[in-house]
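Note: the block below is protein.cif and it holds mmCIF, C-alpha atoms.
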```cif
data_my_file
#
loop_
_atom_site.label_atom_id
_atom_site.label_comp_id
_atom_site.auth_asym_id
_atom_site.auth_seq_id
_atom_site.Cartn_x
_atom_site.Cartn_y
_atom_site.Cartn_z
CA MET N 1 23.22 6.93 -1.38
CA ALA N 2 22.10 5.45 -4.71
CA ASP N 3 21.98 7.43 -7.94
CA ASN N 4 18.23 8.09 -7.75
CA ILE N 5 15.63 8.45 -5.04
CA MET N 6 13.75 5.24 -5.84
CA ASP N 7 16.88 3.10 -5.64
CA SER N 8 17.81 4.88 -2.42
CA LEU N 9 14.36 4.15 -0.98
CA ARG N 10 14.64 0.47 -1.84
CA GLU N 11 18.14 0.10 -0.42
CA GLU N 12 17.67 2.23 2.68
CA THR N 13 14.39 0.60 3.73
CA MET N 14 15.19 -3.00 2.81
CA SER N 15 15.72 -4.26 6.35
CA LEU N 16 12.61 -2.54 7.70
CA HIS N 17 10.61 -3.81 4.73
CA LYS N 18 11.62 -7.39 5.50
CA GLN N 19 10.93 -6.86 9.20
CA THR N 20 7.42 -5.60 8.48
CA GLU N 21 6.68 -8.45 6.08
CA GLY N 22 7.95 -10.92 8.69
CA ASN N 23 5.61 -9.60 11.37
CA ASP N 24 3.46 -12.36 12.93
CA PHE N 25 0.28 -10.68 11.72
CA GLN N 26 1.53 -10.39 8.15
CA THR N 27 2.66 -14.01 8.19
CA SER N 28 -0.80 -15.11 9.32
CA LEU N 29 -2.47 -12.79 6.82
CA PHE N 30 -0.64 -14.23 3.82
CA SER N 31 -0.98 -17.81 5.04
CA GLY N 32 -4.75 -17.42 5.37
CA ASN N 33 -4.86 -18.03 9.11
CA VAL N 34 -6.24 -14.64 10.19
CA PRO N 35 -9.80 -14.90 11.56
CA LYS N 36 -12.43 -12.97 9.63
CA LYS N 37 -12.96 -10.37 12.37
CA GLN N 38 -9.24 -9.66 12.58
CA PHE N 39 -9.07 -9.42 8.81
CA VAL N 40 -11.89 -6.88 8.73
CA ASP N 41 -10.26 -4.96 11.58
CA TYR N 42 -7.09 -4.84 9.48
CA LEU N 43 -9.02 -3.39 6.54
CA GLY N 44 -10.46 -0.77 8.87
CA GLN N 45 -7.10 0.36 10.20
CA MET N 46 -5.65 0.49 6.68
CA TYR N 47 -8.60 2.63 5.60
CA LEU N 48 -7.88 5.14 8.37
CA ILE N 49 -4.17 5.22 7.44
CA HIS N 50 -4.81 5.63 3.71
CA LYS N 51 -7.43 8.30 4.29
CA ALA N 52 -5.10 10.35 6.48
CA LEU N 53 -2.23 10.11 3.99
CA GLU N 54 -4.32 10.66 0.88
CA ASP N 55 -6.22 13.60 2.37
CA ALA N 56 -2.87 15.18 3.28
CA LEU N 57 -1.46 14.54 -0.21
CA SER N 58 -4.59 15.99 -1.81
CA GLU N 59 -4.18 19.16 0.19
CA LEU N 60 -0.50 19.39 -0.69
CA ARG N 61 -1.21 18.90 -4.39
CA ASN N 62 -2.98 22.26 -4.36
CA HIS N 63 0.20 24.21 -3.64
CA ASN N 64 3.22 21.89 -3.86
CA TYR N 65 4.13 21.39 -7.51
CA ILE N 66 6.38 18.37 -6.85
CA VAL N 67 3.68 16.51 -4.93
CA ALA N 68 1.15 17.53 -7.59
CA ASP N 69 3.36 16.05 -10.31
CA VAL N 70 4.24 12.81 -8.51
CA ILE N 71 0.85 11.89 -7.04
CA ALA N 72 -1.99 10.77 -9.33
CA ASP N 73 -5.62 10.18 -8.43
CA HIS N 74 -5.40 6.48 -9.27
CA GLN N 75 -2.92 5.94 -6.43
CA TYR N 76 -5.60 6.63 -3.83
CA GLN N 77 -6.88 3.51 -2.07
CA GLN N 78 -9.41 4.69 0.51
CA ASN N 79 -12.42 4.21 -1.78
CA TYR N 80 -11.50 0.58 -2.45
CA LEU N 81 -11.13 -0.02 1.28
CA GLN N 82 -14.43 1.69 1.97
CA GLU N 83 -16.16 -0.61 -0.52
CA ASP N 84 -14.50 -3.73 0.93
CA LEU N 85 -15.56 -2.66 4.41
CA ALA N 86 -19.11 -2.00 3.22
CA THR N 87 -19.23 -5.57 1.90
CA ALA N 88 -18.29 -6.63 5.43
CA LYS N 89 -21.13 -4.42 6.71
CA VAL N 90 -18.72 -2.00 8.38
CA SER N 91 -19.23 1.74 7.97
CA ALA N 92 -16.00 3.70 7.58
CA LYS N 93 -17.41 6.54 9.70
CA ASP N 94 -17.72 4.18 12.69
CA LEU N 95 -14.05 3.10 12.64
CA LYS N 96 -11.82 3.85 15.61
CA PRO N 97 -8.02 3.99 15.27
CA LEU N 98 -5.93 1.62 17.34
CA PRO N 99 -3.21 3.34 19.41
CA ALA N 100 -0.51 2.68 16.80
CA THR N 101 -2.80 3.90 14.01
CA LYS N 102 -3.62 7.06 15.93
CA LYS N 103 0.10 7.65 16.49
CA LEU N 104 0.88 7.17 12.79
CA ILE N 105 -1.91 9.50 11.67
CA SER N 106 -0.69 12.17 14.08
CA HIS N 107 2.85 11.73 12.74
CA MET N 108 1.72 12.11 9.12
CA ASN N 109 -0.25 15.23 9.98
CA GLN N 110 2.86 16.69 11.57
CA LEU N 111 4.92 15.80 8.51
CA LYS N 112 2.39 17.61 6.32
CA LYS N 113 3.15 20.78 8.26
CA ASP N 114 6.91 20.43 8.80
CA GLN N 115 8.31 18.11 6.10
CA PRO N 116 5.65 17.61 3.43
CA VAL N 117 7.88 15.76 0.97
CA ALA N 118 8.35 13.05 3.60
CA LEU N 119 4.80 11.96 2.83
CA LEU N 120 6.06 10.80 -0.56
CA GLY N 121 8.09 8.23 1.35
CA CYS N 122 4.93 7.12 3.13
CA GLU N 123 3.18 6.79 -0.23
CA TYR N 124 6.13 4.81 -1.61
CA VAL N 125 5.43 2.16 1.03
CA LEU N 126 1.65 1.98 0.66
CA PHE N 127 1.52 2.21 -3.13
CA GLY N 128 4.43 -0.22 -3.44
CA SER N 129 2.58 -2.76 -1.30
CA LYS N 130 0.43 -3.55 -4.34
CA HIS N 131 3.34 -5.58 -5.72
CA GLY N 132 2.57 -8.51 -3.43
CA ALA N 133 -0.94 -7.76 -2.26
CA LYS N 134 -2.80 -9.30 -5.20
CA MET N 135 -2.75 -12.76 -3.63
CA LEU N 136 -4.72 -11.43 -0.66
CA THR N 137 -7.74 -11.14 -2.94
CA LYS N 138 -8.16 -14.85 -2.17
CA ARG N 139 -8.66 -13.93 1.47
CA LEU N 140 -11.49 -11.57 0.51
CA GLU N 141 -13.06 -14.40 -1.45
CA LYS N 142 -12.61 -16.82 1.46
CA TYR N 143 -14.47 -14.47 3.79
CA GLU N 144 -17.12 -13.74 1.14
CA LEU N 145 -16.10 -10.09 0.95
CA TRP N 146 -15.44 -9.93 -2.78
CA GLN N 147 -17.19 -10.59 -6.06
CA PRO N 148 -14.77 -12.12 -8.62
CA GLY N 149 -13.83 -9.60 -11.27
CA ALA N 150 -14.52 -6.55 -9.13
CA PRO N 151 -11.72 -4.18 -8.06
CA ASN N 152 -10.66 -4.40 -4.42
CA TYR N 153 -8.01 -2.96 -2.11
CA PHE N 154 -5.53 -5.73 -2.80
CA ASP N 155 -5.90 -5.75 -6.57
CA PRO N 156 -7.47 -2.45 -7.66
CA TYR N 157 -5.65 -2.12 -10.97
CA GLY N 158 -5.46 -5.53 -12.57
CA ASP N 159 -2.73 -5.55 -15.22
CA LYS N 160 -2.38 -1.74 -15.10
CA PHE N 161 -0.35 -1.66 -11.89
CA ALA N 162 3.03 -2.30 -13.54
CA GLY N 163 2.56 0.77 -15.73
CA TYR N 164 1.37 2.89 -12.82
CA TRP N 165 4.43 1.89 -10.77
CA VAL N 166 6.82 2.67 -13.64
CA ASP N 167 5.20 6.09 -13.97
CA PHE N 168 5.48 6.75 -10.22
CA LYS N 169 9.16 5.75 -10.24
CA ALA N 170 9.90 7.95 -13.25
CA LYS N 171 8.24 10.99 -11.71
CA MET N 172 9.99 10.47 -8.36
CA ASN N 173 13.37 10.09 -10.04
CA ALA N 174 12.78 13.13 -12.25
CA ALA N 175 11.84 15.39 -9.35
CA LYS N 176 14.62 17.73 -8.29
CA PHE N 177 14.79 16.80 -4.61
CA SER N 178 17.51 18.41 -2.52
CA GLN N 179 19.72 16.17 -0.38
CA SER N 180 17.68 17.24 2.62
CA GLU N 181 14.40 16.39 0.90
CA GLN N 182 15.72 12.99 -0.16
CA ALA N 183 16.64 12.26 3.45
CA GLN N 184 13.16 13.30 4.57
CA ILE N 185 11.50 11.05 1.98
CA ILE N 186 13.59 8.07 3.02
CA GLN N 187 12.86 8.71 6.68
CA GLY N 188 9.16 9.00 5.85
CA ALA N 189 9.27 5.54 4.26
CA LYS N 190 11.15 4.11 7.24
CA ASP N 191 8.62 5.62 9.61
CA MET N 192 5.76 4.07 7.63
CA PHE N 193 7.28 0.59 7.71
CA SER N 194 7.98 0.85 11.45
CA SER N 195 4.53 2.25 12.17
CA LEU N 196 2.78 -0.48 10.18
CA SER N 197 4.61 -3.07 12.25
CA GLU N 198 3.22 -1.39 15.36
CA VAL N 199 -0.29 -1.37 13.90
CA PHE N 200 -0.01 -5.09 13.13
CA GLU N 201 1.10 -5.76 16.70
CA ASP N 202 -1.95 -3.86 17.96
CA LEU N 203 -4.20 -5.94 15.73
CA LEU N 204 -2.78 -9.15 17.20
CA VAL N 205 -3.52 -7.94 20.72
CA THR N 206 -6.90 -6.27 20.30
CA SER N 207 -8.74 -8.20 17.59
#
```
Would you mind giving the structure from this file in structure tokens?
Amino acid sequence: MADNIMDSLREETMSLHKQTEGNDFQTSLFSGNVPKKQFVDYLGQMYLIHKALEDALSELRNHNYIVADVIADHQYQQNYLQEDLATAKVSAKDLKPLPATKKLISHMNQLKKDQPVALLGCEYVLFGSKHGAKMLTKRLEKYELWQPGAPNYFDPYGDKFAGYWVDFKAKMNAAKFSQSEQAQIIQGAKDMFSSLSEVFEDLLVTS
């Protein structure tokens, strides 16, 4: 295991990260070949995933001092997704989870009860996805789902993201996780990568 939790997360999840990025849906998404309906369906499933994780983290922040220290309000993405969906004339309250999404949400809810720090691994994956997501703003523009200059799910922070990520890394590395907790966090990140791949497969089949 690496010297700190963030290096361990990067090293231990590298193969799954590449596998998820190489998924057929992700390849089509970044190449601009995803039909508009499928793209909007993707936004909907990501909203449900973010909402489940962020609601769980918000609850944990009330009584878990480590989670409270590591997680900041600006990391939350569900409001950006809700606004992007509204532009597409989709109401978040009408969304239905695909089977893989439902499975992932159930898994995160179980982690909240049994291994709450594992959700930090889930957040590592979703928050870290902002590194490469900015280019997908062009897809929003293509489908007329974005006004230039406005925040959106793929680029909510502008030039502030680098600083936010450095802060997240510093807080994660400074937290006094036990060996068991580190293993849970890493497994949480692995589970998120694997589960997202399953969600993407569902989107290819059902959209």
Legend entry - Option closest in space to Asp24 (chain N), from N:Ala162, N:Leu203, N:Ala189, N:Ala170 [counting only C-alpha atoms]: N:Leu203
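Each of N:Val70, N:Ile49, N:Ser15, N:Ala92 was checked against Lys176 (chain N) using only C-alpha atoms; the smallest atom-to-atom distance is that of N:Val70.
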Inset, instruction - Between N:Asn152, N:Asn79, N:Thr27, N:Asn173, single out the one closest to Glu201 (chain N), counting all atoms listed in the file. - result: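 Between N:Asn152, N:Asn79, N:Thr27, N:Asn173, the residue approaching Glu201 (chain N) most closely is N:Thr27.
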Inset, instruction - Measuring atom to atom with all atoms listed in the file, identify which of N:Leu29, N:Lys36, N:Gly44, N:Trp146 is nearest to Lys93 (chain N). - result: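 Result for the nearest residue to Lys93 (chain N): N:Gly44.
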Inset, instruction - Tell me which residues the PyMOL selection byres ((chain N and resi 188) around 8) grabs here, as a list in words. - result: Ala118, Leu119, Leu120, Gly121, Cys122, Gln184, Ile185, Ile186, Gln187, Ala189, Lys190, Asp191 and Met192 of chain N
Store the residues of this selection in a file with C-alpha atoms, as a PDB file, in the frame of the given file.
```
ATOM      1  CA  ALA N 118       8.350  13.050   3.600  1.00  0.00           C
ATOM      2  CA  LEU N 119       4.800  11.960   2.830  1.00  0.00           C
ATOM      3  CA  LEU N 120       6.060  10.800  -0.560  1.00  0.00           C
ATOM      4  CA  GLY N 121       8.090   8.230   1.350  1.00  0.00           C
ATOM      5  CA  CYS N 122       4.930   7.120   3.130  1.00  0.00           C
ATOM      6  CA  GLN N 184      13.160  13.300   4.570  1.00  0.00           C
ATOM      7  CA  ILE N 185      11.500  11.050   1.980  1.00  0.00           C
ATOM      8  CA  ILE N 186      13.590   8.070   3.020  1.00  0.00           C
ATOM      9  CA  GLN N 187      12.860   8.710   6.680  1.00  0.00           C
ATOM     10  CA  ALA N 189       9.270   5.540   4.260  1.00  0.00           C
ATOM     11  CA  LYS N 190      11.150   4.110   7.240  1.00  0.00           C
ATOM     12  CA  ASP N 191       8.620   5.620   9.610  1.00  0.00           C
ATOM     13  CA  MET N 192       5.760   4.070   7.630  1.00  0.00           C
TER      14      MET N 192
END
```
Inset, instruction - Would you list the contacts of Glu141 (chain N) as a list in words, taking every protein, DNA or RNA residue within 12 Å and counting all atoms listed in the file, but skipping same-chain residues closer than 5 positions in sequence? - result: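 Listed by chain and then number, they are Gly32, Lys36, Asp84, Thr87, Ala88, Met135, Leu136, Trp146, Gln147, Pro148, Gly149, Ala150, Asn152 and Phe154 of chain N.
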Can you write just those residues out, C-alpha atoms, as a PDB file, in the coordinates of the input?
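The resulting file, out_4.pdb, is reproduced below:
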```
ATOM      1  CA  GLY N  32      -4.750 -17.420   5.370  1.00  0.00           C
ATOM      2  CA  LYS N  36     -12.430 -12.970   9.630  1.00  0.00           C
ATOM      3  CA  ASP N  84     -14.500  -3.730   0.930  1.00  0.00           C
ATOM      4  CA  THR N  87     -19.230  -5.570   1.900  1.00  0.00           C
ATOM      5  CA  ALA N  88     -18.290  -6.630   5.430  1.00  0.00           C
ATOM      6  CA  MET N 135      -2.750 -12.760  -3.630  1.00  0.00           C
ATOM      7  CA  LEU N 136      -4.720 -11.430  -0.660  1.00  0.00           C
ATOM      8  CA  TRP N 146     -15.440  -9.930  -2.780  1.00  0.00           C
ATOM      9  CA  GLN N 147     -17.190 -10.590  -6.060  1.00  0.00           C
ATOM     10  CA  PRO N 148     -14.770 -12.120  -8.620  1.00  0.00           C
ATOM     11  CA  GLY N 149     -13.830  -9.600 -11.270  1.00  0.00           C
ATOM     12  CA  ALA N 150     -14.520  -6.550  -9.130  1.00  0.00           C
ATOM     13  CA  ASN N 152     -10.660  -4.400  -4.420  1.00  0.00           C
ATOM     14  CA  PHE N 154      -5.530  -5.730  -2.800  1.00  0.00           C
TER      15      PHE N 154
END
```
Inset, instruction - Work out how far CA of Thr13 (chain N) is from CA of Asp69 (chain N), in Å to one decimal. - result: 23.6 Å
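Considering only C-alpha atoms, the residue among N:Pro35, N:Asn4, N:Leu9, N:Leu145 positioned nearest to Tyr124 (chain N) is N:Leu9.
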Inset, instruction - Identify all residues satisfying the PyMOL selection byres ((chain N and resi 67) around 10) in the given file; provide them as a count of residues only. - result: 22
Legend entry - Separation of CA of Pro156 (chain N) from CA of Phe127 (chain N), in Å and rounded to one decimal: 11.1 Å
